[in-house]
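First comes the structure, then the notes that go with it.
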Amino acid sequence: MTAAPRSFLFLLGSARTGGNTEALARAAAEHLAPGTSQRWIHLGELGLPPFTDRRHTGDGITPFAEGAEQIVQDATLAATDIVIASPLYWYSVSGPVKNYLDHWSGWLRVPGLDFKARMAGRRLWGVTVRGDHDPAAAVPLAGTLRLTAEYLKMDWRGVLLGYGSRPGDVDRDESARAAAKTFFDGARAETPDILY
Ligand SMILES: Cc1cc2nc3c(=O)[nH]c(=O)nc-3n(C[C@H](O)[C@H](O)[C@H](O)COP(=O)(O)O)c2cc1C
């Protein structure tokens with residue numbers, strides 16, 4: 001029996017382009033099975049508006065998405081695999097990624113979108129690069145993503161972690177480059193929060 005086709009959505013969360021996190025995510029993506037669909041969205045360039053919490057305003061309903069929000073919402077719901085490629089900022093995900101995840105809270109309340117039920121079972125992955133020597137600095141980021149996946153009954157697949165500060169640094173992180181080769185192959189018996 002052939003496996004169902006996979007489609008990966010890479011959400012780039014750095015506040016710059018061409019950084020280490022994107023480089024590590026692209027290195028891992030090179031090892032996806034041939035023909036696997038990939039879509040890459042740089043959240044900062046997309047111009048996703050700040051999330052507004054309407055839960056307790058009026059009828060509490062989130063209006064239908066439009067513009068940049070609709071683009072990323074459609075891409076999210078079209079993907080079997082969502083990859084949060086966020087640099088480590090203050091021990092967690094970057095602002096653009098946090099804003100994107102905050103929008104999920106609104107999407108849970110769009111009539112007819114069925115966001116929670118449709119997200120269940122999709123895979124959630126993380127890729128991050130930190131400037132701290134200690135890999136434990138990324139534990140809060142991994143916890144944020146794991147708990148988010150669990151809340152939506154998604155299939156949590158762990159975080160690929162690299163080390164670097166200036167763009168290009170992560171290319172010299174041998175263990176991250178090695179882990180990138182098999183990160184997406186899903187052959188692990190268990191999913192550790194962090195792979196490095
Ligand atoms: C706003 C900001 C916050 C940061 N916070 C942390 C941090 O908490 N821990 C850490 O190890 N590195 C931190 N760094 C360093 C970045 O994680 C590191 O430079 C990384 O390579 C940036 O990813 P990028 O190259 O993909 O942009 C921070 C950098 C910035 C700009």
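Residues in the structure tokens are numbered from 1 in each chain, the chains being A, B, ... in the order shown, and ligands are numbered from 1 in the order shown.
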
Closest atom pairs, stretch 85-115 of chain A residues within 8 Å of stretch 136-160 of chain A, only C-alpha atoms, as CSV:
```
residue,atom,partner,partner_atom,distance
A:Leu88,CA,A:Ala138,CA,6.8
A:Tyr91,CA,A:Ala138,CA,5.8
A:Ser92,CA,A:Leu141,CA,4.1
A:Val93,CA,A:Leu141,CA,5.8
```

I need the residues from that last selection saved to file as a PDB file, in the first residue's frame (with N, CA and C atoms), if you can.
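Result file follows (out-v3.pdb):
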```
ATOM      1  N   LEU A  88      15.763  30.805  18.148  1.00  0.00           N
ATOM      2  CA  LEU A  88      15.504  30.897  19.585  1.00  0.00           C
ATOM      3  C   LEU A  88      15.613  32.356  19.992  1.00  0.00           C
ATOM      4  N   TYR A  91      14.614  32.382  24.689  1.00  0.00           N
ATOM      5  CA  TYR A  91      14.349  30.996  25.111  1.00  0.00           C
ATOM      6  C   TYR A  91      13.071  30.408  24.518  1.00  0.00           C
ATOM      7  N   SER A  92      12.433  31.118  23.624  1.00  0.00           N
ATOM      8  CA  SER A  92      11.180  30.609  23.067  1.00  0.00           C
ATOM      9  C   SER A  92      11.114  30.908  21.573  1.00  0.00           C
ATOM     10  N   VAL A  93       9.906  30.802  21.022  1.00  0.00           N
ATOM     11  CA  VAL A  93       9.737  31.109  19.598  1.00  0.00           C
ATOM     12  C   VAL A  93       9.803  32.622  19.386  1.00  0.00           C
TER      13      VAL A  93
END
```

Residues within 10 Å of ligand 1 (only C-alpha atoms and all ligand atoms), as an MDAnalysis selection string?
chainID A and resid 12:25 85:95 127:138 140:141 162:170

Quick one: residues within 6 Å of stretch 31-42 of chain A, only C-alpha atoms counted, chain neighbours fewer than 2 positions away excluded, as a list of chain:residue names?
A:Arg6, A:Ser7, A:Phe8, A:Leu9, A:Phe10, A:Leu11, A:Leu12, A:Ala28, A:Ala29, A:Gly44, A:Glu45, A:Lys181

Take the residues from that selection and put them in a file with C-alpha atoms, as an mmCIF file, in the first residue's frame.
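After the write, selection-v1.cif holds the following:
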```
data_model
loop_
_atom_site.group_PDB
_atom_site.id
_atom_site.type_symbol
_atom_site.label_atom_id
_atom_site.label_comp_id
_atom_site.auth_asym_id
_atom_site.auth_seq_id
_atom_site.Cartn_x
_atom_site.Cartn_y
_atom_site.Cartn_z
ATOM 1 C CA ARG A 6 2.766 14.481 2.281
ATOM 2 C CA SER A 7 2.838 18.239 2.006
ATOM 3 C CA PHE A 8 5.202 20.235 4.208
ATOM 4 C CA LEU A 9 4.598 23.844 5.209
ATOM 5 C CA PHE A 10 7.746 25.597 6.453
ATOM 6 C CA LEU A 11 7.010 28.715 8.474
ATOM 7 C CA LEU A 12 10.097 30.886 8.781
ATOM 8 C CA ALA A 28 16.718 19.002 6.528
ATOM 9 C CA ALA A 29 14.240 19.546 3.681
ATOM 10 C CA GLY A 44 7.782 38.500 8.705
ATOM 11 C CA GLU A 45 7.561 39.138 4.967
ATOM 12 C CA LYS A 181 19.792 14.313 7.305
#
```

DSSP-assigned helix (DSSP H, G or I) members of stretch 95-179 of chain A, reported as an MDAnalysis selection string
chainID A and resid 95:107 115:119 135:151 169:172 174:179

Same residues, N, CA and C atoms, output as a compact mmCIF listing (two decimals), in the first residue's frame:
```txt
# COMPACT_ATOMS: atom_id res chain seq x y z
N GLY A 95 8.75 36.42 17.84
CA GLY A 95 7.48 37.15 17.81
C GLY A 95 6.59 36.77 16.63
N PRO A 96 7.12 36.74 15.39
CA PRO A 96 6.25 36.37 14.25
C PRO A 96 5.63 34.98 14.41
N VAL A 97 6.39 34.04 14.97
CA VAL A 97 5.83 32.68 15.16
C VAL A 97 4.78 32.71 16.26
N LYS A 98 5.07 33.45 17.32
CA LYS A 98 4.09 33.52 18.42
C LYS A 98 2.78 34.13 17.92
N ASN A 99 2.91 35.19 17.09
CA ASN A 99 1.71 35.82 16.54
C ASN A 99 0.93 34.84 15.66
N TYR A 100 1.65 34.06 14.86
CA TYR A 100 0.99 33.04 14.02
C TYR A 100 0.24 32.03 14.90
N LEU A 101 0.90 31.56 15.95
CA LEU A 101 0.24 30.58 16.83
C LEU A 101 -0.94 31.23 17.56
N ASP A 102 -0.80 32.51 17.91
CA ASP A 102 -1.93 33.20 18.55
C ASP A 102 -3.14 33.22 17.60
N HIS A 103 -2.89 33.36 16.31
CA HIS A 103 -3.99 33.33 15.35
C HIS A 103 -4.72 31.98 15.38
N TRP A 104 -4.00 30.92 15.71
CA TRP A 104 -4.68 29.62 15.82
C TRP A 104 -5.83 29.72 16.82
N SER A 105 -5.61 30.47 17.88
CA SER A 105 -6.64 30.63 18.90
C SER A 105 -7.90 31.25 18.30
N GLY A 106 -7.71 32.23 17.41
CA GLY A 106 -8.86 32.82 16.72
C GLY A 106 -9.49 31.83 15.75
N TRP A 107 -8.65 31.08 15.03
CA TRP A 107 -9.17 30.15 14.03
C TRP A 107 -10.02 29.05 14.67
N PHE A 115 -11.38 24.10 12.78
CA PHE A 115 -9.91 24.12 12.83
C PHE A 115 -9.35 23.02 13.73
N LYS A 116 -9.91 22.88 14.93
CA LYS A 116 -9.34 21.92 15.88
C LYS A 116 -9.42 20.49 15.33
N ALA A 117 -10.59 20.13 14.84
CA ALA A 117 -10.76 18.76 14.31
C ALA A 117 -9.86 18.53 13.10
N ARG A 118 -9.69 19.55 12.27
CA ARG A 118 -8.88 19.37 11.05
C ARG A 118 -7.39 19.34 11.35
N MET A 119 -6.98 19.96 12.43
CA MET A 119 -5.54 19.94 12.78
C MET A 119 -5.14 18.62 13.45
N PRO A 135 22.69 23.69 24.92
CA PRO A 135 21.48 23.32 24.17
C PRO A 135 20.21 23.37 25.00
N ALA A 136 20.36 23.30 26.34
CA ALA A 136 19.17 23.32 27.21
C ALA A 136 18.42 24.65 27.10
N ALA A 137 19.07 25.68 26.53
CA ALA A 137 18.37 26.96 26.35
C ALA A 137 17.13 26.81 25.49
N ALA A 138 17.09 25.75 24.66
CA ALA A 138 15.95 25.57 23.75
C ALA A 138 14.81 24.75 24.36
N VAL A 139 14.96 24.34 25.59
CA VAL A 139 13.91 23.50 26.21
C VAL A 139 12.55 24.22 26.28
N PRO A 140 12.52 25.51 26.68
CA PRO A 140 11.19 26.16 26.72
C PRO A 140 10.53 26.21 25.34
N LEU A 141 11.32 26.48 24.27
CA LEU A 141 10.75 26.50 22.91
C LEU A 141 10.15 25.14 22.57
N ALA A 142 10.91 24.09 22.86
CA ALA A 142 10.41 22.75 22.54
C ALA A 142 9.13 22.45 23.33
N GLY A 143 9.10 22.89 24.58
CA GLY A 143 7.90 22.67 25.41
C GLY A 143 6.70 23.42 24.86
N THR A 144 6.92 24.65 24.41
CA THR A 144 5.83 25.43 23.82
C THR A 144 5.22 24.69 22.63
N LEU A 145 6.09 24.20 21.76
CA LEU A 145 5.58 23.53 20.55
C LEU A 145 4.94 22.19 20.88
N ARG A 146 5.58 21.44 21.80
CA ARG A 146 5.01 20.12 22.15
C ARG A 146 3.62 20.28 22.78
N LEU A 147 3.49 21.19 23.72
CA LEU A 147 2.20 21.37 24.39
C LEU A 147 1.14 21.90 23.42
N THR A 148 1.57 22.75 22.49
CA THR A 148 0.64 23.26 21.47
C THR A 148 0.14 22.09 20.62
N ALA A 149 1.06 21.23 20.22
CA ALA A 149 0.68 20.05 19.43
C ALA A 149 -0.30 19.17 20.22
N GLU A 150 0.02 18.96 21.48
CA GLU A 150 -0.84 18.11 22.30
C GLU A 150 -2.24 18.71 22.45
N TYR A 151 -2.30 20.03 22.61
CA TYR A 151 -3.60 20.69 22.78
C TYR A 151 -4.49 20.44 21.57
N ASP A 169 26.74 30.47 10.39
CA ASP A 169 27.39 29.74 11.49
C ASP A 169 26.91 28.29 11.59
N VAL A 170 25.62 28.08 11.39
CA VAL A 170 25.06 26.74 11.62
C VAL A 170 25.63 25.71 10.64
N ASP A 171 26.17 26.21 9.53
CA ASP A 171 26.79 25.29 8.56
C ASP A 171 27.99 24.57 9.18
N ARG A 172 28.55 25.15 10.24
CA ARG A 172 29.71 24.52 10.89
C ARG A 172 29.31 23.69 12.11
N GLU A 174 28.39 20.53 13.14
CA GLU A 174 28.41 19.19 12.51
C GLU A 174 27.27 18.31 13.02
N SER A 175 26.99 18.35 14.33
CA SER A 175 25.96 17.43 14.85
C SER A 175 24.58 17.84 14.33
N ALA A 176 24.32 19.15 14.21
CA ALA A 176 23.02 19.58 13.67
C ALA A 176 22.90 19.18 12.20
N ARG A 177 24.00 19.34 11.45
CA ARG A 177 23.96 18.96 10.03
C ARG A 177 23.70 17.46 9.88
N ALA A 178 24.30 16.68 10.78
CA ALA A 178 24.08 15.22 10.71
C ALA A 178 22.64 14.89 11.07
N ALA A 179 22.12 15.51 12.13
CA ALA A 179 20.74 15.23 12.56
C ALA A 179 19.74 15.66 11.48
```
